Amino acid sequence: MSKKIIIIIVVIIAVLAGWYFLYKKPAIAPGPQSEQEEACLDSGGTITTGMCCISTGDFPNTCLIGACGCSLENSKEVKICDCGDGCWDGTKCLKDQIDISDWLIYTNSRYDYTMKYHPDWTAEHEYGPNEILGTGYYEANSFTSSTGYALLFAVVPKGSDVAPIPRTGVGAGDFADSDETVNIGGTEVGIKYLVFEGKIKEIFFNDFEIEGLWGRAYLSYFGEGNYANFDMVDAEEVEIAKTILSSYELSPPSEDLNSFCGTSTKGLCFHDTDCMTGGCSGQVCQSKSEEPIYTTCEYRDCYNKQLYGVTCGCLNNECQWR
C-alpha cells in the first residue's frame, strides 16, 4: 500500500473521530453517576441541562407543568433528563404521554390540593359519617368515565377520625403484585391487580403518605358490559386514571398578605362550639371531633385572624374561617 493511500486513510479516521466526539459526546461529561442520572440513562433518556425555576433542583418532573416555566431572571441552570418524545416523571422516562392540555382541574378545598381529569370524565366529592365502620367520617373523590370506569381517591390527615374511601372487601379474585408504580405528589406508589380467571378486574394502589396526609386509591368498573369477559388490560381508561393520580398537587400557601391565609379542614359541626383552632400558629380551623392538626412552626402575618377579622366557626355544618 502506498504512503499516499495510508495518509488518506489516517486523515479520514481523524475526521470521523473528531466528528464523533464533537457531535456525539454526552451533554454531561462522563463520571460517577447519581441514582437519578443512572435511572435517566437506563430508561432511555439523555442527561442535559436547562433553565428552570430557582426553587427547582436537578432532574425536575417534566411530566408536570410549572417547574421550568419561570421567567429568565427567576430561573437557574439545572440538570434535566431529556426523554425525547416522552417526559421524566422523577424516576424514569415515560413515553407517549397523554395530552392533558385540555383537561379540567378538580380542587379539593378541604385539604387544599388539585388534580386534573379528562374532560369526558366527571368528578365528585363526598364527605360524611362512616356508616361502614359506624364511627368517624369518610372522605372520597370519584373520577368517573362514560364507559363505566371509576377512580376513587382520597387523602386525609394522619391520626384523624376521617377514613379515605373506606371499604370492607373486594370482588372475587386474587391479588397480584406488579412492578408498576405511579408518582402521587412526589411519592412512588405501588400497584397491585385483582385478577379473576386470568383477567384484571380492579386495580389497587398501595396506601401512601404525602405532606402529613395518608391516602388510598383504586380503579373499578361499573359499566354495562359482560363482567365475566371484562379485562382492564391495555384499557385506555387505566392510563387516564394513572395520569389523574400523577397530577395530584398540593396547593401552595397564599402569599397575598392582603388576605387571610389560614386553612380549614371543614370537619363536621353543628354549632360554633364544635370548632376549634389548631396548628402551631393557630392558622387551622378544625372540628373538635378531628384529631389535632399539627403544622410546622413558622409564623406569617397572614395568619393573624384579629388583623383580618375572621373567626373559626360552623358554616353549613363545616368548621371553617369566616
# chains A, B, ... in the order shown; residues from 1 in each chain; ligands from 1
>>> select_by_dssp(residues="range 52-266 of chain A", states="helix (DSSP H, G or I)", output="list in words")
Leu72, Glu73, Asn74, Glu236, Glu237, Val238, Glu239, Ile240, Ala241, Lys242, Thr243, Ile244, Leu245 and Ser246 of chain A
>>> write_last_selection(atoms="C-alpha atoms", output="PDB file, in the first residue's frame")
ATOM      1  CA  LEU A  72     -35.296  34.020  32.865  1.00  0.00           C
ATOM      2  CA  GLU A  73     -34.479  36.268  35.835  1.00  0.00           C
ATOM      3  CA  ASN A  74     -36.233  33.790  38.152  1.00  0.00           C
ATOM      4  CA  GLU A 236     -57.088   3.494  27.786  1.00  0.00           C
ATOM      5  CA  GLU A 237     -59.027   4.351  30.958  1.00  0.00           C
ATOM      6  CA  VAL A 238     -56.298   2.745  33.074  1.00  0.00           C
ATOM      7  CA  GLU A 239     -53.661   5.124  31.711  1.00  0.00           C
ATOM      8  CA  ILE A 240     -56.036   8.062  32.157  1.00  0.00           C
ATOM      9  CA  ALA A 241     -56.598   7.060  35.793  1.00  0.00           C
ATOM     10  CA  LYS A 242     -52.843   6.864  36.416  1.00  0.00           C
ATOM     11  CA  THR A 243     -52.414  10.293  34.837  1.00  0.00           C
ATOM     12  CA  ILE A 244     -55.136  11.728  37.085  1.00  0.00           C
ATOM     13  CA  LEU A 245     -53.300  10.398  40.146  1.00  0.00           C
ATOM     14  CA  SER A 246     -49.942  11.698  38.956  1.00  0.00           C
TER      15      SER A 246
END
>>> residues_around(residues="range 279-294 of chain A", least_positions_apart="5", cutoff="6 Å", atoms="only C-alpha atoms", output="list in words")
Ser160, Asp161, Gly262, Thr263, Ser264, Thr265, Gly267, Asp274, Tyr303, Cys312, Cys319 and Gln320 of chain A
>>> residues_around(residues="Leu152 in chain A", least_positions_apart="5", cutoff="12 Å", atoms="only C-alpha atoms", output="number ranges by chain")
A: 122-126, 139-145, 164-167, 202-205, 215-221, 241-242, 244-245
>>> closest_residue(among="A:Gly223, A:Gly50, A:Gly198, A:Pro119", to="Asp99 in chain A", atoms="only C-alpha atoms")
A:Pro119
